[in-house]
$ cat data-v7.tsv   # TSV, C-alpha atoms
chain	number	residue	atom	x	y	z
A	556	MET	CA	-226.07	-39.41	-49.72
A	557	THR	CA	-223.78	-36.45	-49.17
A	558	ASP	CA	-221.83	-34.20	-51.49
A	559	LEU	CA	-218.10	-34.76	-51.45
A	560	THR	CA	-215.58	-32.43	-53.09
A	561	LEU	CA	-211.92	-33.22	-53.52
A	562	THR	CA	-209.14	-32.85	-56.05
A	563	VAL	CA	-208.07	-35.98	-57.92
A	564	ASN	CA	-204.97	-35.80	-60.13
A	565	GLY	CA	-205.26	-32.02	-60.29
A	566	LYS	CA	-208.95	-32.01	-61.23
A	567	ARG	CA	-211.61	-30.83	-58.82
A	568	VAL	CA	-214.45	-33.33	-58.57
A	569	THR	CA	-217.75	-33.28	-56.68
A	570	ARG	CA	-219.80	-36.43	-56.27
A	571	ASP	CA	-222.80	-37.42	-54.21
A	572	VAL	CA	-221.68	-40.62	-52.46
A	573	PRO	CA	-222.94	-42.46	-49.36
A	574	GLY	CA	-221.00	-42.15	-46.09
A	575	GLU	CA	-219.78	-45.74	-46.22
A	576	THR	CA	-218.06	-45.38	-49.63
A	577	LEU	CA	-214.39	-46.32	-49.48
A	578	LEU	CA	-211.84	-44.08	-51.16
A	579	SER	CA	-210.82	-47.06	-53.30
A	580	GLU	CA	-214.45	-47.46	-54.44
A	581	LEU	CA	-214.77	-43.77	-55.26
A	582	LEU	CA	-211.60	-43.87	-57.35
A	583	ARG	CA	-212.27	-47.13	-59.16
A	584	GLU	CA	-216.05	-47.32	-59.49
A	585	THR	CA	-217.21	-43.71	-59.52
A	586	LEU	CA	-214.25	-41.98	-61.18
A	587	ARG	CA	-213.20	-45.07	-63.18
A	588	LEU	CA	-209.54	-44.65	-62.22
A	589	THR	CA	-208.81	-48.35	-62.13
A	590	GLY	CA	-205.03	-48.02	-61.84
A	591	THR	CA	-205.48	-48.05	-58.07
A	592	HIS	CA	-205.76	-51.77	-57.40
A	593	VAL	CA	-207.59	-53.57	-54.63
A	594	GLY	CA	-205.65	-56.63	-53.57
A	595	CYS	CA	-206.22	-57.88	-50.05
A	596	ASP	CA	-208.87	-55.21	-49.31
A	597	THR	CA	-207.76	-55.33	-45.63
A	598	SER	CA	-204.91	-52.76	-45.65
A	599	GLN	CA	-202.15	-55.37	-45.67
A	600	CYS	CA	-200.95	-55.44	-49.29
A	601	GLY	CA	-200.67	-51.80	-50.37
A	602	ALA	CA	-201.88	-52.32	-53.97
A	603	CYS	CA	-204.39	-49.52	-53.32
A	604	ALA	CA	-201.78	-46.98	-52.19
A	605	VAL	CA	-202.45	-43.41	-53.32
A	606	HIS	CA	-201.19	-40.03	-52.11
A	607	MET	CA	-203.38	-37.74	-50.03
A	608	ASP	CA	-201.90	-34.25	-49.73
A	609	GLY	CA	-198.56	-35.73	-50.75
A	610	LYS	CA	-198.50	-38.63	-48.28
A	611	VAL	CA	-199.07	-42.28	-49.04
A	612	VAL	CA	-202.31	-43.82	-47.70
A	613	LYS	CA	-204.19	-47.05	-48.34
A	614	ALA	CA	-207.36	-46.23	-50.25
A	615	CYS	CA	-209.14	-49.42	-49.14
A	616	THR	CA	-208.87	-48.37	-45.50
A	617	MET	CA	-210.16	-44.83	-45.85
A	618	LEU	CA	-213.67	-43.56	-46.33
A	619	ALA	CA	-214.06	-41.33	-49.35
A	620	HIS	CA	-215.50	-38.59	-47.13
A	621	GLN	CA	-212.31	-38.61	-45.03
A	622	ALA	CA	-210.60	-37.26	-48.15
A	623	ALA	CA	-212.96	-34.25	-48.46
A	624	GLY	CA	-211.03	-31.13	-49.44
A	625	THR	CA	-207.76	-32.99	-49.98
A	626	GLU	CA	-205.63	-33.54	-53.06
A	627	ILE	CA	-205.45	-37.15	-54.13
A	628	THR	CA	-202.85	-38.40	-56.58
A	629	THR	CA	-203.27	-41.85	-58.09
A	630	ILE	CA	-200.94	-43.76	-60.39
A	631	GLU	CA	-202.78	-42.13	-63.34
A	632	GLY	CA	-201.76	-38.69	-62.13
A	633	LEU	CA	-198.05	-39.36	-61.73
A	634	ALA	CA	-196.81	-39.10	-65.33
A	635	ASN	CA	-196.52	-35.56	-66.61
A	636	GLY	CA	-196.20	-35.86	-70.39
A	637	GLU	CA	-193.49	-38.45	-69.84
A	638	LEU	CA	-193.13	-41.22	-67.27
A	639	HIS	CA	-192.35	-40.20	-63.70
A	640	PRO	CA	-188.74	-41.15	-62.75
A	641	MET	CA	-190.17	-43.86	-60.47
A	642	GLN	CA	-192.21	-45.36	-63.32
A	643	LYS	CA	-189.21	-45.19	-65.64
A	644	ALA	CA	-187.02	-46.88	-63.00
A	645	PHE	CA	-189.49	-49.77	-62.64
A	646	ASN	CA	-189.40	-50.10	-66.43
A	647	ASP	CA	-185.58	-49.94	-66.61
A	648	ASN	CA	-185.05	-52.48	-63.82
A	649	HIS	CA	-187.87	-54.89	-64.62
A	650	GLY	CA	-189.35	-54.00	-61.24
A	651	LEU	CA	-192.51	-55.98	-61.89
A	652	GLN	CA	-193.73	-59.29	-63.21
A	653	CYS	CA	-197.53	-59.60	-63.17
A	654	GLY	CA	-197.84	-55.88	-62.41
A	655	PHE	CA	-200.69	-56.12	-59.91
A	656	CYS	CA	-198.80	-54.58	-57.00
A	657	THR	CA	-196.95	-52.06	-59.19
A	658	PRO	CA	-199.21	-48.99	-58.81
A	659	GLY	CA	-198.97	-49.31	-55.02
A	660	MET	CA	-195.23	-49.98	-55.13
A	661	ILE	CA	-194.68	-46.87	-57.23
A	662	MET	CA	-196.83	-44.65	-55.02
A	663	ALA	CA	-195.07	-45.99	-51.91
A	664	GLY	CA	-191.70	-45.54	-53.62
A	665	VAL	CA	-192.38	-41.91	-54.52
A	666	ASP	CA	-193.57	-41.20	-50.97
A	667	MET	CA	-190.47	-42.71	-49.33
A	668	VAL	CA	-188.02	-40.92	-51.65
A	669	GLN	CA	-189.74	-37.56	-51.06
A	670	ARG	CA	-189.95	-38.11	-47.31
A	671	TYR	CA	-186.31	-39.14	-46.92
A	672	LYS	CA	-185.18	-36.17	-49.03
A	673	ALA	CA	-187.31	-33.76	-46.97
A	674	GLU	CA	-185.90	-35.14	-43.72
A	675	GLY	CA	-182.33	-35.26	-45.04
A	676	LYS	CA	-182.04	-39.01	-44.40
A	677	THR	CA	-180.27	-41.59	-46.56
A	678	LEU	CA	-182.56	-44.03	-48.33
A	679	ASP	CA	-180.26	-47.05	-48.61
A	680	GLU	CA	-181.24	-50.57	-49.55
A	681	ALA	CA	-182.04	-51.60	-45.98
A	682	ALA	CA	-184.22	-48.52	-45.50
A	683	ILE	CA	-186.12	-49.23	-48.75
A	684	ARG	CA	-186.79	-52.81	-47.67
A	685	HIS	CA	-188.06	-51.61	-44.29
A	686	GLU	CA	-190.18	-48.87	-45.88
A	687	LEU	CA	-191.80	-51.42	-48.21
A	688	GLU	CA	-193.25	-53.49	-45.39
A	689	GLY	CA	-196.75	-52.29	-46.23
A	690	ASN	CA	-196.54	-53.39	-49.87
A	691	LEU	CA	-196.68	-57.03	-50.86
A	692	CYS	CA	-195.44	-58.48	-54.13
A	693	ARG	CA	-195.97	-62.18	-54.82
A	694	CYS	CA	-193.79	-62.37	-57.98
A	695	THR	CA	-190.47	-60.59	-57.87
A	696	GLY	CA	-188.93	-61.38	-54.53
A	697	TYR	CA	-188.58	-57.59	-54.21
A	698	HIS	CA	-185.00	-57.38	-55.53
A	699	ASN	CA	-185.84	-55.47	-58.71
A	700	ILE	CA	-188.40	-53.34	-56.92
A	701	VAL	CA	-185.70	-52.24	-54.45
A	702	LYS	CA	-183.30	-51.58	-57.35
A	703	SER	CA	-185.96	-49.51	-59.11
A	704	ILE	CA	-186.57	-47.32	-56.07
A	705	GLN	CA	-182.80	-46.94	-55.56
A	706	GLN	CA	-182.43	-45.73	-59.14
A	707	ALA	CA	-185.41	-43.35	-58.91
A	708	ALA	CA	-184.03	-41.92	-55.66
A	709	THR	CA	-180.99	-40.67	-57.58
A	710	GLU	CA	-183.17	-39.18	-60.33
A	711	MET	CA	-185.98	-37.51	-58.38
B	394	MET	CA	-219.86	-52.15	-46.43
B	395	TYR	CA	-223.16	-51.52	-44.67
B	396	ASP	CA	-224.90	-48.11	-44.68
B	397	PHE	CA	-223.93	-45.46	-42.17
B	398	ASP	CA	-223.80	-41.69	-41.91
B	399	PHE	CA	-220.49	-39.87	-41.88
B	400	VAL	CA	-220.35	-36.71	-39.79
B	401	THR	CA	-217.57	-34.12	-40.04
B	402	PRO	CA	-217.72	-31.88	-36.96
B	403	ALA	CA	-216.09	-28.45	-37.24
B	404	SER	CA	-214.95	-28.39	-33.61
B	405	LEU	CA	-214.33	-30.60	-30.60
B	406	ALA	CA	-217.57	-29.30	-29.05
B	407	GLU	CA	-219.53	-30.33	-32.16
B	408	ALA	CA	-217.84	-33.74	-32.13
B	409	ALA	CA	-218.75	-34.26	-28.48
B	410	ALA	CA	-222.36	-33.26	-29.18
B	411	ALA	CA	-222.59	-35.65	-32.14
B	412	LEU	CA	-221.22	-38.48	-30.00
B	413	GLU	CA	-224.02	-38.10	-27.47
B	414	ASP	CA	-226.10	-40.15	-29.90
B	415	PRO	CA	-225.77	-43.72	-28.54
B	416	GLU	CA	-225.66	-45.06	-32.13
B	417	ALA	CA	-222.63	-42.89	-32.99
B	418	MET	CA	-218.99	-43.88	-32.83
B	419	ALA	CA	-215.81	-41.78	-33.00
B	420	LEU	CA	-213.54	-42.34	-36.01
B	421	GLY	CA	-209.88	-41.38	-35.74
B	422	GLY	CA	-207.61	-42.39	-38.61
B	423	GLY	CA	-209.69	-45.55	-39.08
B	424	GLN	CA	-206.76	-47.95	-39.44
B	425	THR	CA	-208.39	-50.32	-36.96
B	426	LEU	CA	-212.01	-49.17	-37.05
B	427	ILE	CA	-212.53	-49.30	-40.83
B	428	PRO	CA	-211.41	-52.96	-41.12
B	429	THR	CA	-213.57	-53.62	-38.03
B	430	LEU	CA	-216.62	-52.08	-39.72
B	431	ARG	CA	-215.94	-53.99	-42.91
B	432	ALA	CA	-215.88	-57.23	-40.93
B	433	ARG	CA	-219.15	-56.13	-39.24
B	434	LEU	CA	-217.49	-56.51	-35.84
B	435	ALA	CA	-218.94	-53.08	-35.09
B	436	MET	CA	-221.94	-51.55	-36.83
B	437	PRO	CA	-222.53	-47.98	-35.65
B	438	SER	CA	-225.13	-46.11	-37.71
B	439	LYS	CA	-223.12	-42.88	-37.50
B	440	LEU	CA	-219.38	-42.17	-37.60
B	441	VAL	CA	-218.05	-38.92	-36.20
B	442	SER	CA	-214.72	-38.05	-37.79
B	443	LEU	CA	-212.12	-36.64	-35.40
B	444	ALA	CA	-209.14	-36.65	-37.76
B	445	GLY	CA	-209.76	-33.15	-39.10
B	446	LEU	CA	-209.99	-31.41	-35.72
B	447	ALA	CA	-206.99	-29.07	-35.59
B	448	GLU	CA	-207.57	-28.38	-31.87
B	449	ILE	CA	-206.66	-31.96	-30.92
B	450	ARG	CA	-203.75	-32.38	-33.33
B	451	GLY	CA	-200.05	-31.63	-32.89
B	452	ILE	CA	-197.36	-31.65	-30.21
B	453	CYS	CA	-196.50	-29.05	-27.60
B	454	GLU	CA	-194.95	-28.79	-24.13
B	455	ASP	CA	-196.82	-27.79	-20.98
B	456	ASP	CA	-195.45	-25.74	-18.05
B	457	ASP	CA	-194.23	-28.91	-16.33
B	458	GLY	CA	-192.15	-29.85	-19.38
B	459	ARG	CA	-194.48	-32.69	-20.31
B	460	LEU	CA	-194.87	-33.48	-24.00
B	461	CYS	CA	-198.54	-33.04	-24.87
B	462	ILE	CA	-199.64	-34.88	-27.97
B	463	GLY	CA	-203.08	-34.30	-29.45
B	464	GLY	CA	-205.34	-37.32	-29.86
B	465	ALA	CA	-205.69	-36.78	-33.61
B	466	THR	CA	-201.92	-36.69	-34.15
B	467	THR	CA	-200.77	-39.45	-36.49
B	468	HIS	CA	-198.06	-41.99	-35.70
B	469	GLY	CA	-196.08	-40.56	-38.61
B	470	ALA	CA	-196.21	-37.05	-37.17
B	471	ILE	CA	-195.14	-38.34	-33.72
B	472	ALA	CA	-192.25	-40.28	-35.27
B	473	ARG	CA	-191.05	-37.09	-36.96
B	474	ASP	CA	-191.96	-34.32	-34.53
B	475	ALA	CA	-191.21	-36.00	-31.18
B	476	ALA	CA	-187.80	-37.28	-32.30
B	477	GLU	CA	-185.79	-34.46	-30.72
B	478	ARG	CA	-187.63	-34.15	-27.42
B	479	PHE	CA	-188.61	-37.76	-26.77
B	480	SER	CA	-186.70	-40.13	-29.04
B	481	GLY	CA	-187.99	-43.27	-27.29
B	482	LEU	CA	-191.59	-42.42	-28.13
B	483	ALA	CA	-190.71	-41.32	-31.67
B	484	GLY	CA	-188.95	-44.65	-32.19
B	485	LEU	CA	-192.03	-46.50	-30.95
B	486	ALA	CA	-194.31	-44.57	-33.33
B	487	GLN	CA	-191.90	-45.18	-36.22
B	488	ARG	CA	-192.41	-48.93	-35.93
B	489	ILE	CA	-196.20	-49.04	-35.82
B	490	GLY	CA	-197.68	-50.70	-38.91
B	491	ASP	CA	-196.23	-49.41	-42.17
B	492	PRO	CA	-195.74	-45.91	-43.66
B	493	ALA	CA	-199.28	-45.65	-45.07
B	494	VAL	CA	-200.82	-46.80	-41.80
B	495	ARG	CA	-198.65	-44.31	-39.86
B	496	ASN	CA	-199.91	-41.48	-42.09
B	497	ARG	CA	-203.51	-42.17	-41.00
B	498	GLY	CA	-203.53	-43.94	-37.63
B	499	THR	CA	-203.72	-41.68	-34.57
B	500	LEU	CA	-202.53	-41.75	-30.97
B	501	GLY	CA	-206.04	-41.14	-29.64
B	502	GLY	CA	-207.55	-43.88	-31.76
B	503	SER	CA	-204.97	-46.41	-30.67
B	504	VAL	CA	-205.25	-45.49	-27.00
B	505	ALA	CA	-209.07	-45.57	-27.03
B	506	ASN	CA	-209.08	-48.97	-28.75
B	507	ASN	CA	-206.58	-50.51	-26.28
B	508	ASP	CA	-205.60	-53.46	-28.40
B	509	PRO	CA	-203.64	-55.77	-26.07
B	510	ALA	CA	-200.77	-55.74	-28.61
B	511	ALA	CA	-200.76	-51.98	-29.34
B	512	CYS	CA	-197.47	-50.17	-28.74
B	513	TYR	CA	-198.48	-46.93	-26.99
B	514	PRO	CA	-199.74	-48.49	-23.72
B	515	ALA	CA	-196.15	-49.61	-22.96
B	516	ALA	CA	-194.88	-46.01	-23.18
B	517	ILE	CA	-197.88	-44.51	-21.40
B	518	LEU	CA	-197.55	-46.91	-18.47
B	519	ALA	CA	-193.74	-46.70	-18.27
B	520	THR	CA	-193.70	-42.89	-18.14
B	521	GLY	CA	-196.83	-42.48	-16.01
B	522	ALA	CA	-198.47	-40.36	-18.70
B	523	THR	CA	-201.90	-38.80	-18.35
B	524	VAL	CA	-204.71	-39.42	-20.83
B	525	VAL	CA	-206.80	-36.28	-21.27
B	526	THR	CA	-210.36	-36.36	-22.59
B	527	HIS	CA	-212.82	-33.56	-23.31
B	528	ARG	CA	-214.20	-34.20	-19.81
B	529	ARG	CA	-211.28	-35.11	-17.48
B	530	GLU	CA	-207.72	-36.31	-16.94
B	531	ILE	CA	-207.08	-40.02	-16.37
B	532	ALA	CA	-203.83	-41.42	-14.93
B	533	ALA	CA	-202.12	-44.15	-16.96
B	534	GLY	CA	-202.66	-46.75	-14.24
B	535	ASP	CA	-206.42	-46.12	-14.22
B	536	PHE	CA	-206.94	-45.80	-17.95
B	537	PHE	CA	-206.21	-49.28	-19.32
B	538	GLN	CA	-208.72	-51.78	-17.96
B	539	GLY	CA	-208.14	-54.98	-19.92
B	540	MET	CA	-208.38	-56.17	-23.49
B	541	PHE	CA	-210.09	-53.49	-25.65
B	542	THR	CA	-211.39	-51.90	-22.44
B	543	THR	CA	-210.54	-48.46	-21.03
B	544	ALA	CA	-211.84	-46.00	-18.46
B	545	LEU	CA	-213.48	-43.99	-21.27
B	546	ASP	CA	-217.24	-43.49	-21.05
B	547	GLU	CA	-219.48	-43.70	-24.12
B	548	GLY	CA	-218.80	-40.73	-26.37
B	549	GLU	CA	-215.72	-39.60	-24.44
B	550	ILE	CA	-212.98	-38.28	-26.74
B	551	VAL	CA	-209.23	-38.65	-26.09
B	552	THR	CA	-208.03	-35.12	-26.77
B	553	GLU	CA	-204.43	-35.44	-25.64
B	554	VAL	CA	-201.84	-37.61	-23.90
B	555	ARG	CA	-199.35	-35.83	-21.62
B	556	PHE	CA	-196.02	-37.62	-21.33
B	557	PRO	CA	-193.45	-36.75	-18.66
B	558	VAL	CA	-190.25	-36.81	-20.75
B	559	PRO	CA	-187.74	-39.37	-19.47
B	560	ARG	CA	-184.02	-38.73	-19.08
B	561	ARG	CA	-183.52	-41.68	-21.41
B	562	SER	CA	-185.85	-44.28	-22.86
B	563	ALA	CA	-186.28	-46.87	-25.60
B	564	TYR	CA	-188.87	-49.25	-26.97
B	565	GLN	CA	-188.09	-52.73	-28.23
B	566	LYS	CA	-190.69	-54.73	-30.09
B	567	PHE	CA	-190.61	-58.37	-31.10
B	568	GLU	CA	-193.02	-58.27	-34.00
B	569	GLN	CA	-195.57	-60.82	-34.99
B	570	PRO	CA	-194.28	-60.75	-38.56
B	571	ALA	CA	-197.61	-60.78	-40.40
B	572	SER	CA	-199.47	-58.14	-38.42
B	573	ARG	CA	-196.48	-56.07	-37.19
B	574	PHE	CA	-198.22	-55.92	-33.83
B	575	ALA	CA	-196.09	-56.64	-30.78
B	576	LEU	CA	-195.74	-60.29	-29.85
B	577	VAL	CA	-193.97	-58.64	-26.94
B	578	GLY	CA	-193.04	-54.97	-26.71
B	579	VAL	CA	-191.21	-53.33	-23.82
B	580	PHE	CA	-190.77	-49.60	-23.15
B	581	VAL	CA	-188.11	-48.68	-20.60
B	582	ALA	CA	-187.91	-45.13	-19.24
B	583	GLU	CA	-185.52	-43.61	-16.71
B	584	MET	CA	-187.40	-40.59	-15.41
B	585	ALA	CA	-185.98	-37.24	-14.32
B	586	ASP	CA	-186.16	-38.24	-10.62
B	587	GLY	CA	-184.25	-41.50	-11.23
B	588	ALA	CA	-187.30	-43.74	-11.03
B	589	VAL	CA	-187.54	-46.33	-13.80
B	590	GLY	CA	-190.69	-47.42	-15.61
B	591	VAL	CA	-190.96	-50.68	-17.54
B	592	GLY	CA	-194.13	-50.98	-19.64
B	593	VAL	CA	-194.95	-54.28	-21.37
B	594	THR	CA	-197.43	-54.83	-24.20
B	595	GLY	CA	-198.52	-57.76	-26.37
B	596	ALA	CA	-197.79	-60.31	-23.68
B	597	ALA	CA	-200.87	-60.45	-21.48
B	598	GLU	CA	-204.57	-61.15	-22.02
B	599	GLU	CA	-205.28	-58.05	-19.98
B	600	GLY	CA	-203.17	-55.80	-22.22
B	601	GLY	CA	-200.34	-53.51	-21.16
B	602	PHE	CA	-198.82	-53.71	-17.68
B	603	ARG	CA	-195.77	-52.59	-15.69
B	604	TRP	CA	-193.03	-55.04	-14.71
B	605	GLU	CA	-192.34	-53.71	-11.24
B	606	ALA	CA	-189.54	-56.13	-10.26
B	607	ALA	CA	-187.52	-54.94	-13.27
B	608	GLU	CA	-188.29	-51.31	-12.42
B	609	ALA	CA	-186.81	-51.74	-8.93
B	610	ALA	CA	-183.71	-53.50	-10.24
B	611	LEU	CA	-183.14	-50.82	-12.89
B	612	ALA	CA	-183.72	-47.96	-10.48
B	613	ALA	CA	-180.82	-49.33	-8.42
B	614	ARG	CA	-178.65	-49.64	-11.52
B	615	PHE	CA	-179.73	-48.71	-15.04
B	616	ASP	CA	-177.86	-51.44	-16.86
B	617	PRO	CA	-178.95	-54.66	-18.62
B	618	ALA	CA	-176.76	-56.56	-16.13
B	619	ALA	CA	-179.04	-55.37	-13.30
B	620	LEU	CA	-181.71	-57.71	-14.72
B	621	GLU	CA	-179.56	-60.83	-14.43
B	622	GLY	CA	-181.41	-63.63	-12.68
B	623	LEU	CA	-184.71	-61.79	-13.01
B	624	SER	CA	-187.45	-63.40	-15.09
B	625	HIS	CA	-191.11	-62.58	-15.58
B	626	PRO	CA	-193.57	-65.31	-14.56
B	627	ALA	CA	-195.54	-66.96	-17.40
B	628	GLU	CA	-198.85	-66.96	-15.48
B	629	GLY	CA	-201.50	-64.79	-17.12
B	630	LEU	CA	-199.57	-64.36	-20.35
B	631	ILE	CA	-201.02	-65.11	-23.79
B	632	SER	CA	-200.52	-68.53	-25.40
B	633	ASP	CA	-201.43	-68.69	-29.08
B	634	ILE	CA	-200.11	-70.10	-32.35
B	635	HIS	CA	-197.43	-67.40	-32.44
B	636	GLY	CA	-195.92	-68.23	-29.06
B	637	ASP	CA	-196.85	-69.76	-25.73
B	638	ALA	CA	-196.83	-68.03	-22.36
B	639	ALA	CA	-193.35	-69.28	-21.43
B	640	TYR	CA	-191.98	-67.94	-24.71
B	641	ARG	CA	-193.60	-64.55	-24.15
B	642	ALA	CA	-192.28	-64.46	-20.59
B	643	HIS	CA	-188.77	-65.10	-21.91
B	644	LEU	CA	-189.22	-62.37	-24.54
B	645	ILE	CA	-190.19	-59.85	-21.85
B	646	GLY	CA	-186.74	-60.33	-20.29
B	647	VAL	CA	-184.95	-60.16	-23.63
B	648	MET	CA	-186.82	-57.06	-24.83
B	649	THR	CA	-186.32	-55.32	-21.49
B	650	ARG	CA	-182.55	-55.88	-21.58
B	651	ARG	CA	-182.41	-54.69	-25.20
B	652	ALA	CA	-184.45	-51.60	-24.36
B	653	VAL	CA	-182.12	-50.70	-21.49
B	654	ALA	CA	-179.11	-51.17	-23.76
B	655	ALA	CA	-180.74	-49.03	-26.45
B	656	ALA	CA	-181.99	-46.27	-24.14
B	657	ALA	CA	-180.62	-42.88	-25.13

$ encode --input "data-v7.tsv" --output "structure tokens"
Amino acid sequence: MTDLTLTVNGKRVTRDVPGETLLSELLRETLRLTGTHVGCDTSQCGACAVHMDGKVVKACTMLAHQAAGTEITTIEGLANGELHPMQKAFNDNHGLQCGFCTPGMIMAGVDMVQRYKAEGKTLDEAAIRHELEGNLCRCTGYHNIVKSIQQAATEM
Amino acid sequence: MYDFDFVTPASLAEAAAALEDPEAMALGGGQTLIPTLRARLAMPSKLVSLAGLAEIRGICEDDDGRLCIGGATTHGAIARDAAERFSGLAGLAQRIGDPAVRNRGTLGGSVANNDPAACYPAAILATGATVVTHRREIAAGDFFQGMFTTALDEGEIVTEVRFPVPRRSAYQKFEQPASRFALVGVFVAEMADGAVGVGVTGAAEEGGFRWEAAEAALAARFDPAALEGLSHPAEGLISDIHGDAAYRAHLIGVMTRRAVAAAA
């Protein structure tokens, strides 16, 4: 067991967790932040996507200790009094059906909008579809997810 | 997951010392190794994390104008920060995995793993890059030694890869659509002295290789038409459920022509 300190959704936390603990396990089982979903558990589906120091990562394919000293944002940390524009856009556009993939879709969506803005690139529909290749949805056929991200991109 | 110790060295020297333990294994971004551990395909009792080592991260140029990329540099950083100086390599990095994987996976980790369908070997072989470890420099042609096999000794850390920057270059990948790995990937580079390198990945059991007949044809004339009538033999290429050897051989020709056409 080793002490691990990191910031999760703006709150500094220290926990004594074994070296083999996955970041997804730390978030869900130790911190009880169950909005981060575990779908495939093999880094294919992206349901476990969270932000580490502002960049999207897959929490099932990271050890918790690799996140030492970093700032993690999960789906629970996105809303600030009111829904984040990406969450609102998924609501407005019916960007989900069963909702399982949604936390990961939203975290990936926020990352791509921020990254494209920072690099001065245009996030058009084709770019969104390409950027979503690490996030699987088995319900929607992606159309409303793409629409949601397009809307949020104009509002973020 | 099974039990293991996680070690965070503060320096390259500390990492090298920790890796002298025969039970220890280096961990880069973990995008291959962590799934491997979870499947129990490897079971080291100690993981030495290299991702946080600032001294082996980032991109710079050496006195010979080569682009030197630290082993702990992520694919995402290469896609962004090499775009101006070496667009062919940036384009290759931009198509590895997906955005989340590119934010974690590293050049050094990929090179040390030498997956036969990894993208970087094509660029490293085509440009005649040098793989640098904490002990020595290894030429591209000596480094890759077959599927998941390299010239690295136990505990040897890839600190940097030095790429001679081509006059123009491009990478074309025909993706296996589920894994995003290359069914066939081809990197074409026209070097400063006019020589042409053609690096192929994904196609052969032995991993990346150079297609020398295409290199000669393209050195004479750097144009897709120069490859007319030239085809790669199917012998030694992979046959699996995704494509047989003849199909992969055909794709080598197609991807090479596309890469030449795309080279900028």

$ axis_aligned_box --input "data-v7.tsv" --around "region 651-666 of chain A" --padding-each-side "8 Å" --output "AutoDock Vina command-line options"
--center_x -196.2 --center_y -50.4 --center_z -57.1 --size_x 25.0 --size_y 34.4 --size_z 28.2

$ interface_residues --input "data-v7.tsv" --of "chain A" --to "chain B" --cutoff "7 Å" --atoms "only C-alpha atoms" --output "compact mmCIF listing (two decimals) with C-alpha atoms, in the coordinates of the input"
# COMPACT_ATOMS: atom_id res chain seq x y z
CA GLY A 574 -221.00 -42.15 -46.09
CA GLU A 575 -219.78 -45.74 -46.22
CA THR A 597 -207.76 -55.33 -45.63
CA LYS A 610 -198.50 -38.63 -48.28
CA VAL A 611 -199.07 -42.28 -49.04
CA VAL A 612 -202.31 -43.82 -47.70
CA LYS A 613 -204.19 -47.05 -48.34
CA THR A 616 -208.87 -48.37 -45.50
CA MET A 617 -210.16 -44.83 -45.85
CA GLU A 686 -190.18 -48.87 -45.88
CA GLU A 688 -193.25 -53.49 -45.39
CA GLY A 689 -196.75 -52.29 -46.23

$ residues_around --input "data-v7.tsv" --residues "region 577-588 of chain A" --least-positions-apart "2" --cutoff "6 Å" --atoms "all atoms listed in the file" --output "VMD selection string"
chain A and resid 590 614 to 615 617 to 619

$ closest_residue --input "data-v7.tsv" --among "B:Ile645, B:Cys461, B:Val525, B:Leu500" --to "Val581 (chain B)" --atoms "only C-alpha atoms"
B:Ile645

$ atom_distance --input "data-v7.tsv" --atom1 "CA of Ile661 (chain A)" --atom2 "CA of Ser703 (chain A)"
9.3 Å

$ residues_near_point --input "data-v7.tsv" --point "(-210.9, -37.7, -24.7)" --cutoff "10 Å" --atoms "only C-alpha atoms" --output "mmCIF file with C-alpha atoms, in the coordinates of the input"
data_model
loop_
_atom_site.group_PDB
_atom_site.id
_atom_site.type_symbol
_atom_site.label_atom_id
_atom_site.label_comp_id
_atom_site.auth_asym_id
_atom_site.auth_seq_id
_atom_site.Cartn_x
_atom_site.Cartn_y
_atom_site.Cartn_z
ATOM 1 C CA LEU B 405 -214.330 -30.600 -30.600
ATOM 2 C CA ALA B 409 -218.750 -34.260 -28.480
ATOM 3 C CA ILE B 449 -206.660 -31.960 -30.920
ATOM 4 C CA GLY B 463 -203.080 -34.300 -29.450
ATOM 5 C CA GLY B 464 -205.340 -37.320 -29.860
ATOM 6 C CA GLY B 501 -206.040 -41.140 -29.640
ATOM 7 C CA GLY B 502 -207.550 -43.880 -31.760
ATOM 8 C CA VAL B 504 -205.250 -45.490 -27.000
ATOM 9 C CA ALA B 505 -209.070 -45.570 -27.030
ATOM 10 C CA VAL B 524 -204.710 -39.420 -20.830
ATOM 11 C CA VAL B 525 -206.800 -36.280 -21.270
ATOM 12 C CA THR B 526 -210.360 -36.360 -22.590
ATOM 13 C CA HIS B 527 -212.820 -33.560 -23.310
ATOM 14 C CA ARG B 528 -214.200 -34.200 -19.810
ATOM 15 C CA ARG B 529 -211.280 -35.110 -17.480
ATOM 16 C CA GLU B 530 -207.720 -36.310 -16.940
ATOM 17 C CA ILE B 531 -207.080 -40.020 -16.370
ATOM 18 C CA LEU B 545 -213.480 -43.990 -21.270
ATOM 19 C CA ASP B 546 -217.240 -43.490 -21.050
ATOM 20 C CA GLY B 548 -218.800 -40.730 -26.370
ATOM 21 C CA GLU B 549 -215.720 -39.600 -24.440
ATOM 22 C CA ILE B 550 -212.980 -38.280 -26.740
ATOM 23 C CA VAL B 551 -209.230 -38.650 -26.090
ATOM 24 C CA THR B 552 -208.030 -35.120 -26.770
ATOM 25 C CA GLU B 553 -204.430 -35.440 -25.640
ATOM 26 C CA VAL B 554 -201.840 -37.610 -23.900
#

$ closest_residue --input "data-v7.tsv" --among "A:Lys643, A:His649, A:His592, A:Arg570" --to "Ala708 (chain A)" --atoms "all atoms listed in the file"
A:Lys643

$ atom_distance --input "data-v7.tsv" --atom1 "CA of Ala610 (chain B)" --atom2 "CA of Leu623 (chain B)"
8.8 Å

$ atom_distance --input "data-v7.tsv" --atom1 "CA of Leu485 (chain B)" --atom2 "CA of Pro559 (chain B)"
14.2 Å
